[in-house]
Amino acid sequence: MAEQPPDGRQGDTSQNFFAGLPQVAQVVAQFVAPATFLAALLFYWGFFHARGFCRYFGVNSTVVGLNSTDYVMRSADGLFTPLAICGAVALAAIWGWRSLPREFANGPWPQRLLPAAAIISILLLLNGLSRLFVRTWLNSGLFLAPACIIIGLLMLWGVVVARRRCLDDDPDARPRSAVTPAEWTLILLLLGGSFFWGATDYSLAVGHTRAQEAEENLSKSPQIVIFSEKDLGLAMDGVVTSDCSPAGAYRHRTDGLVLIMATDHNLVVVPRTWNSQTGSAVVLPRNGAGAVRLEFDLSSDTVPRPPC
């Protein structure tokens, strides 16, 4: 005969806790294919990575002409750290919980601990949600507001479940500690939305950081030499345009530029002496100024001008 739980209730509390989760997973799988959902998320986070990068140079990322592959490739740079942090924290929590003595893990929470945990969790939730309306030093840090929502929600969820278990006196009734599918849906929406929010902010920040690194390395980056059929009209500090032989196909040469981003349709270039305080970036269409030929010069001179 199976041993009964010490409190007289039937079944395992962990089964009651996860009872509604399979139903929610089945409903979601009927409407959203996992591969499609993942591709959409990668596209979204890559979009904000590109936006943060281009914004630093004063360019709207939507005019550059990035395609879906470009966005997906950029998403890995802005997504690895949030995934690694959340995965490490979740794994540490699972391993820590399983390493606890069974009497402590399955036992009820101390009654005097529940009010304190409830207050702390509510304060964390309010601090995280306040970011939607006002920015303060308590909620404006990177990933701070989403982290407060996630931690506060999990703590409050634990308090509610612990309180329900204390009220489970009738062994024949459905345990109140069982989490319903509706509760699982709302909890997963809040947790997923908070992670989504944090990863989006982080993607913007990573794009901004990569742009700063690009600025710091401008003097060491190879300059791009543009030979064009028509004069590009780039009257910028550090940029020199030379007239080549009128008999050639490329009558104008432009020196002193560095390529920042390239797509199928556009080139984003800045002067080699560019800085974020006074400089401006230029988006050049690849096929908009007649015939164009690109060369990369590894010379250390700021504006090398060999013959055309």
# chains A, B, ... in the order shown; residues from 1 in each chain; ligands from 1

call {"tool": "closest_atom_pairs", "arguments": {"of": "region 21-116 of chain A", "to": "region 197-220 of chain A", "cutoff": "7 Å", "atoms": "only C-alpha atoms", "output": "JSON lines"}}
result
{"residue": "A:Trp45", "atom": "CA", "partner": "A:Thr200", "partner_atom": "CA", "distance": 5.9}
{"residue": "A:Phe48", "atom": "CA", "partner": "A:Leu204", "partner_atom": "CA", "distance": 5.3}
{"residue": "A:His49", "atom": "CA", "partner": "A:Gly207", "partner_atom": "CA", "distance": 4.6}
{"residue": "A:Ala50", "atom": "CA", "partner": "A:Gly207", "partner_atom": "CA", "distance": 6.1}
{"residue": "A:Arg51", "atom": "CA", "partner": "A:Leu204", "partner_atom": "CA", "distance": 6.8}
{"residue": "A:Gly52", "atom": "CA", "partner": "A:Leu204", "partner_atom": "CA", "distance": 4.5}
{"residue": "A:Phe53", "atom": "CA", "partner": "A:Gly207", "partner_atom": "CA", "distance": 4.2}
{"residue": "A:Tyr56", "atom": "CA", "partner": "A:His208", "partner_atom": "CA", "distance": 6.1}
{"residue": "A:Gly78", "atom": "CA", "partner": "A:Ser203", "partner_atom": "CA", "distance": 4.3}
{"residue": "A:Leu79", "atom": "CA", "partner": "A:Ala199", "partner_atom": "CA", "distance": 6.4}
{"residue": "A:Pro82", "atom": "CA", "partner": "A:Ala199", "partner_atom": "CA", "distance": 6.1}

call {"tool": "select_by_dssp", "arguments": {"residues": "region 126-236 of chain A", "states": "strand (DSSP E or B)", "output": "PyMOL selection string"}}
result
chain A and resi 223-228

call {"tool": "write_last_selection", "arguments": {"atoms": "C-alpha atoms", "output": "PDB file, in the first residue's frame"}}
result
ATOM      1  CA  GLN A 223      39.246  53.224 -45.452  1.00  0.00           C
ATOM      2  CA  ILE A 224      36.918  52.667 -48.336  1.00  0.00           C
ATOM      3  CA  VAL A 225      37.834  54.396 -51.583  1.00  0.00           C
ATOM      4  CA  ILE A 226      34.831  55.104 -53.788  1.00  0.00           C
ATOM      5  CA  PHE A 227      35.272  55.514 -57.533  1.00  0.00           C
ATOM      6  CA  SER A 228      32.056  56.853 -59.013  1.00  0.00           C
TER       7      SER A 228
END

call {"tool": "closest_residue", "arguments": {"among": "A:Ile122, A:Val89, A:Leu153, A:Val59", "to": "Val270 (chain A)", "atoms": "only C-alpha atoms"}}
result
A:Val59

call {"tool": "atom_distance", "arguments": {"atom1": "CA of Ser276 (chain A)", "atom2": "CA of Asp264 (chain A)"}}
result
25.9 Å

call {"tool": "select_by_dssp", "arguments": {"residues": "region 80-303 of chain A", "states": "alpha helix (DSSP H)", "output": "number ranges by chain"}}
result
A: 80-99, 102-106, 113-130, 144-166, 181-216

call {"tool": "atom_distance", "arguments": {"atom1": "CA of Leu114 (chain A)", "atom2": "CA of Ile149 (chain A)"}}
result
18.5 Å

call {"tool": "atom_distance", "arguments": {"atom1": "CA of Leu294 (chain A)", "atom2": "CA of Asp231 (chain A)"}}
result
14.4 Å
